[in-house]
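Worksheet: one structure, shown below.
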Amino acid sequence: MKKILIVIMSVALIGVGIGGVLMLLQTARDELGLQEPINTEINLPEPKYDSNTSVEQALFERRSVREYKDEPLTLTEVSQLLWAAQGITDAGRGLRTAPSAGALYPLEVYVVMGNVVGAAQGVYKYKPHEHKLVKVKVGDVRDELTLAAHGQTWVGKGAIVIVFSAVYERTTRKYGDRGIKYVYTEAGHAAQNVFLQTVSLDLGTVVVGAFVDEEVRKILNMPDEEHPLYIMPVGKMD
Ligand SMILES: Cc1cc2nc3c(=O)[nH]c(=O)nc-3n(C[C@H](O)[C@H](O)[C@H](O)COP(=O)(O)O)c2cc1C
């Protein structure tokens, strides 16, 4: 009996030891900037098309939340939020969860991964047609984003931060200057979708419009043609 106990305790100690070493290696790798390279992809889990929260309930309960628990989100939650933002709902015609003038889809969606189970920290771009993420920058940029948003602390406290940007030309090519107005209204549609989805997932968020565009562009490695419109930190509620 004693022998068995000693064996069990030895195995447990070895397990704890290996876990500790792996955590130290991960920390050292992050410190040295040796995270996995950009262009790595994350295939997101299939979103759900049903829930126990009615649209009326989500509308009634939606509130700006600026304090979040220091707890991770899952990729399933991230998947659902991004699908709500710009997911494909008619694959044949490429139509999405949010309406778009002329179905030209000027919006791009980024997710700043800060604390998500099974996903390395970094900036990822959402690819709606494949429902996947492509990494465009390594490392945790949440503190940088907070500074770019005039020090609004909640921006950096979400487990993730969703950022909407737009390529105006996709819409102005057809609608001229009026297209600018269309792009802004579309960002509102997409952000409200995310908002209502957070209610259904019991998560908190707020839309942040006060930030320095050029700084956000640089922090997220956006191409020249893209312009940031909205920032939404998302986290578990206190
Ligand atoms: C276009 C727009 C920009 C906003 N910008 C910010 C912002 O920079 N920071 C912030 O904390 N809240 C921001 N908000 C959130 C509003 O403060 C919030 O919606 C308002 O106080 C009403 O509260 P409610 O969302 O809980 O109903 C913004 C809202 C909108 C619509």
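Each chain in the structure tokens gets a letter, A, B, ..., in the order shown, and its residues are numbered from 1; ligands are numbered from 1 in order too.
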Shell around Ser64 in chain A at 10 Å using only C-alpha atoms, local window under 6 positions removed, as a short mmCIF file (atom, residue, chain, number, x, y, z; two decimals) with N, CA and C atoms, in the first residue's frame:
```cif
data_model
loop_
_atom_site.label_atom_id
_atom_site.label_comp_id
_atom_site.auth_asym_id
_atom_site.auth_seq_id
_atom_site.Cartn_x
_atom_site.Cartn_y
_atom_site.Cartn_z
N PHE A 195 -22.67 43.21 -29.92
CA PHE A 195 -23.23 43.59 -28.62
C PHE A 195 -24.30 42.58 -28.19
N GLY A 204 -19.36 40.76 -21.45
CA GLY A 204 -19.53 42.21 -21.44
C GLY A 204 -18.71 42.88 -22.52
N THR A 205 -19.21 44.01 -23.02
CA THR A 205 -18.47 44.78 -24.02
C THR A 205 -18.93 46.24 -23.98
N VAL A 206 -18.20 47.09 -24.69
CA VAL A 206 -18.58 48.49 -24.89
C VAL A 206 -18.02 48.90 -26.25
N VAL A 207 -18.72 49.80 -26.94
CA VAL A 207 -18.15 50.31 -28.20
C VAL A 207 -17.33 51.55 -27.88
N VAL A 208 -16.13 51.59 -28.42
CA VAL A 208 -15.22 52.71 -28.17
C VAL A 208 -14.92 53.39 -29.50
#
```
Practice prompt. For Gly209 in chain A, please output as a ChimeraX atom specification all residues within 7 Å (counting only C-alpha atoms; exclusion window: fewer than 3 positions along the same chain).
Written response: /A:229-231
Kindly export the residues of the current selection with C-alpha atoms, as a short mmCIF file (atom, residue, chain, number, x, y, z; two decimals), in the first residue's frame.
```cif
data_model
loop_
_atom_site.label_atom_id
_atom_site.label_comp_id
_atom_site.auth_asym_id
_atom_site.auth_seq_id
_atom_site.Cartn_x
_atom_site.Cartn_y
_atom_site.Cartn_z
CA LEU A 229 -13.80 52.68 -36.98
CA TYR A 230 -14.71 50.97 -33.73
CA ILE A 231 -13.03 49.16 -30.84
#
```
Practice prompt. Write down as number ranges by chain the residues of range 25-107 of chain A whose backbone DSSP state falls under strand (DSSP E).
Written response: A: 41-43, 88-90, 95-96, 107
Those residues with C-alpha atoms, as a short mmCIF file (atom, residue, chain, number, x, y, z; two decimals), in the first residue's frame please?
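Below is the file that was written, out_14.cif:
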```
data_model
loop_
_atom_site.label_atom_id
_atom_site.label_comp_id
_atom_site.auth_asym_id
_atom_site.auth_seq_id
_atom_site.Cartn_x
_atom_site.Cartn_y
_atom_site.Cartn_z
CA GLU A 41 -4.18 30.35 -39.07
CA ILE A 42 -6.86 29.35 -36.60
CA ASN A 43 -9.85 27.48 -37.96
CA ILE A 88 -21.52 34.35 -43.78
CA THR A 89 -25.22 33.39 -43.66
CA ASP A 90 -25.76 32.69 -47.37
CA LEU A 95 -24.29 37.47 -47.73
CA ARG A 96 -23.53 38.15 -44.07
CA LEU A 107 -15.74 46.19 -43.20
#
```
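Shortest separation to ligand 1 among A:Gly151, A:Gly94, A:Pro223, A:Gly176 occurs at residue A:Gly151, atoms counted being only C-alpha atoms and all ligand atoms.
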Counting only C-alpha atoms and all ligand atoms, which residues of chain A sit at most 12 Å from some atom of ligand 1, and what is each one's closest atom pair with its distance in Å to one decimal, listed by chain and rising residue number, as a tab-separated table?
```
residue	atom	partner	partner_atom_place_in_ligand_line	distance
A:Leu59	CA	ligand 1	27 (O)	10.2
A:Phe60	CA	ligand 1	27 (O)	10.0
A:Glu61	CA	ligand 1	26 (O)	9.3
A:Arg62	CA	ligand 1	26 (O)	6.9
A:Arg63	CA	ligand 1	26 (O)	3.6
A:Ser64	CA	ligand 1	26 (O)	3.7
A:Val65	CA	ligand 1	26 (O)	7.0
A:Arg66	CA	ligand 1	11 (O)	7.0
A:Glu67	CA	ligand 1	11 (O)	10.6
A:Thr146	CA	ligand 1	8 (O)	10.8
A:Ala148	CA	ligand 1	8 (O)	10.9
A:Ala149	CA	ligand 1	8 (O)	7.3
A:His150	CA	ligand 1	8 (O)	8.7
A:Gly151	CA	ligand 1	9 (N)	10.1
A:Gln152	CA	ligand 1	9 (N)	7.0
A:Thr153	CA	ligand 1	11 (O)	9.2
A:Trp154	CA	ligand 1	11 (O)	7.7
A:Val155	CA	ligand 1	11 (O)	8.5
A:Tyr184	CA	ligand 1	1 (C)	9.4
A:Thr185	CA	ligand 1	1 (C)	10.2
A:Ala187	CA	ligand 1	1 (C)	9.7
A:Gly188	CA	ligand 1	31 (C)	7.9
A:His189	CA	ligand 1	31 (C)	11.1
A:Ala191	CA	ligand 1	31 (C)	9.5
A:Gln192	CA	ligand 1	31 (C)	9.6
A:Phe195	CA	ligand 1	25 (O)	9.4
A:Leu196	CA	ligand 1	25 (O)	11.4
A:Gly204	CA	ligand 1	26 (O)	10.6
A:Thr205	CA	ligand 1	25 (O)	9.2
A:Val206	CA	ligand 1	15 (C)	6.0
A:Val207	CA	ligand 1	14 (N)	5.1
A:Val208	CA	ligand 1	7 (C)	3.6
A:Gly209	CA	ligand 1	5 (N)	3.8
A:Ala210	CA	ligand 1	8 (O)	3.8
A:Phe211	CA	ligand 1	8 (O)	6.9
A:Val212	CA	ligand 1	8 (O)	10.6
A:Leu229	CA	ligand 1	1 (C)	9.1
A:Tyr230	CA	ligand 1	3 (C)	7.8
A:Ile231	CA	ligand 1	8 (O)	8.2
A:Met232	CA	ligand 1	9 (N)	9.4
A:Pro233	CA	ligand 1	11 (O)	10.1
```
Go ahead and dump the residues you just picked, C-alpha atoms, as a short mmCIF file (atom, residue, chain, number, x, y, z; two decimals), in the first residue's frame.
```
data_model
loop_
_atom_site.label_atom_id
_atom_site.label_comp_id
_atom_site.auth_asym_id
_atom_site.auth_seq_id
_atom_site.Cartn_x
_atom_site.Cartn_y
_atom_site.Cartn_z
CA LEU A 59 -32.05 44.10 -26.57
CA PHE A 60 -33.44 44.67 -23.08
CA GLU A 61 -30.26 43.55 -21.29
CA ARG A 62 -27.68 45.22 -23.57
CA ARG A 63 -25.60 47.69 -21.57
CA SER A 64 -22.09 49.09 -21.95
CA VAL A 65 -19.79 47.09 -19.66
CA ARG A 66 -16.37 48.53 -18.81
CA GLU A 67 -15.12 46.10 -16.16
CA THR A 146 -5.43 51.48 -24.40
CA ALA A 148 -4.21 54.83 -28.49
CA ALA A 149 -7.71 55.13 -27.00
CA HIS A 150 -6.64 58.05 -24.78
CA GLY A 151 -5.96 55.78 -21.81
CA GLN A 152 -9.45 54.22 -21.57
CA THR A 153 -8.41 51.37 -19.27
CA TRP A 154 -11.27 49.05 -20.25
CA VAL A 155 -9.86 48.75 -23.76
CA TYR A 184 -20.31 54.23 -40.90
CA THR A 185 -23.85 52.90 -40.62
CA ALA A 187 -20.09 49.52 -38.67
CA GLY A 188 -23.04 50.29 -36.38
CA HIS A 189 -24.95 47.25 -37.64
CA ALA A 191 -21.12 46.33 -33.69
CA GLN A 192 -24.72 45.95 -32.51
CA PHE A 195 -23.23 43.59 -28.62
CA LEU A 196 -26.36 41.41 -28.72
CA GLY A 204 -19.53 42.21 -21.44
CA THR A 205 -18.47 44.78 -24.02
CA VAL A 206 -18.58 48.49 -24.89
CA VAL A 207 -18.15 50.31 -28.20
CA VAL A 208 -15.22 52.71 -28.17
CA GLY A 209 -15.05 55.43 -30.80
CA ALA A 210 -12.55 57.75 -29.09
CA PHE A 211 -9.06 56.80 -30.29
CA VAL A 212 -6.24 58.05 -32.49
CA LEU A 229 -13.80 52.68 -36.98
CA TYR A 230 -14.71 50.97 -33.73
CA ILE A 231 -13.03 49.16 -30.84
CA MET A 232 -14.88 46.61 -28.68
CA PRO A 233 -13.12 45.01 -25.70
#
```
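Note that the spacing between CA of Ile180 in chain A and CA of Tyr105 in chain A amounts to 12.5 Å.
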Item to complete: Within 9 Å of Leu104 in chain A, counting only C-alpha atoms, which residues show up once you throw out same-chain ones fewer than 4 positions away? Write them as a PyMOL selection string, please.
Response: chain A and resi 100+170-171
Just the selected residues (N, CA and C atoms), exported as a PDB file, in the first residue's frame, please.
```
ATOM      1  N   SER A 100     -25.271  45.249 -45.919  1.00  0.00           N
ATOM      2  CA  SER A 100     -24.203  46.065 -46.511  1.00  0.00           C
ATOM      3  C   SER A 100     -24.715  46.700 -47.797  1.00  0.00           C
ATOM      4  N   ARG A 170     -14.308  50.382 -51.400  1.00  0.00           N
ATOM      5  CA  ARG A 170     -15.205  49.300 -51.837  1.00  0.00           C
ATOM      6  C   ARG A 170     -16.625  49.821 -52.028  1.00  0.00           C
ATOM      7  N   THR A 171     -17.007  50.815 -51.219  1.00  0.00           N
ATOM      8  CA  THR A 171     -18.371  51.348 -51.274  1.00  0.00           C
ATOM      9  C   THR A 171     -18.440  52.646 -52.079  1.00  0.00           C
TER      10      THR A 171
END
```
Practice prompt. Could you tell me which of A:Leu81, A:Leu145, A:Leu73, A:Ala101 comes closest to Ala119 in chain A if we count only C-alpha atoms?
Written response: A:Leu73
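Closest to Gly114 in chain A among A:Gln80, A:Thr74, A:Asn193, A:Thr53 is A:Thr74, based on only C-alpha atoms.
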Item to complete: Among the residues of range 1-237 of chain A, find those DSSP assigns to alpha helix (DSSP H) from the backbone and print them as a PyMOL selection string.
Response: chain A and resi 2-31+55-61+75-86+142-148+169-175+178-200+213-219
Determine, using only C-alpha atoms, which residues of range 44-114 of chain A have any atom at most 10 Å from an atom of range 124-144 of chain A, and tabulate each with its shortest atom pair and distance in Å to one decimal place, rows ordered by chain and then rising number, as a tab-separated table.
```
residue	atom	partner	partner_atom	distance
A:Leu44	CA	A:Lys132	CA	5.2
A:Pro45	CA	A:His131	CA	8.2
A:Glu46	CA	A:His131	CA	8.0
A:Pro47	CA	A:His131	CA	9.1
A:Ser79	CA	A:His131	CA	7.9
A:Leu82	CA	A:Tyr126	CA	7.3
A:Trp83	CA	A:Pro128	CA	7.5
A:Ala85	CA	A:Pro128	CA	9.4
A:Gln86	CA	A:Pro128	CA	6.4
A:Gly87	CA	A:Pro128	CA	5.3
A:Ile88	CA	A:Pro128	CA	6.1
A:Thr89	CA	A:His129	CA	9.7
A:Ala91	CA	A:His129	CA	7.7
A:Gly94	CA	A:His129	CA	7.6
A:Leu95	CA	A:His129	CA	9.8
A:Arg96	CA	A:Pro128	CA	8.5
A:Glu108	CA	A:Tyr126	CA	7.3
A:Val109	CA	A:Tyr126	CA	5.5
A:Tyr110	CA	A:Lys125	CA	4.5
A:Val111	CA	A:Tyr124	CA	5.3
A:Val112	CA	A:Tyr124	CA	6.3
A:Met113	CA	A:Asp140	CA	7.1
A:Gly114	CA	A:Asp140	CA	5.8
```
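Taking CA of Val194 in chain A as the reference point, CA of Ala84 in chain A is found at 5.5 Å.
Of the listed residues (A:Glu56, A:Val163, A:Asp70, A:Thr76), A:Val163 comes nearest to Val123 in chain A; the distances count only C-alpha atoms.
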Worksheet item: Looking at A:Val199, A:Ile38, A:Ala58, A:Ile160, which one is nearest to Glu71 in chain A, with distances taken over only C-alpha atoms?
Response: A:Ile160
Worksheet, complete the sentence: With distances taken over only C-alpha atoms, the candidate from A:Ser165, A:Ser51, A:Thr40, A:Thr198 nearest Val78 in chain A is A:Thr198
Fill in: 6 Å contact set for Ala159 in chain A, only C-alpha atoms, chain neighbours under 6 positions out, as a list of chain:residue names
A:Pro72, A:Gly114, A:Asn115, A:Gly235
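For the pair CA of Ile162 in chain A and CA of Lys181 in chain A, the interatomic distance is 21.6 Å.
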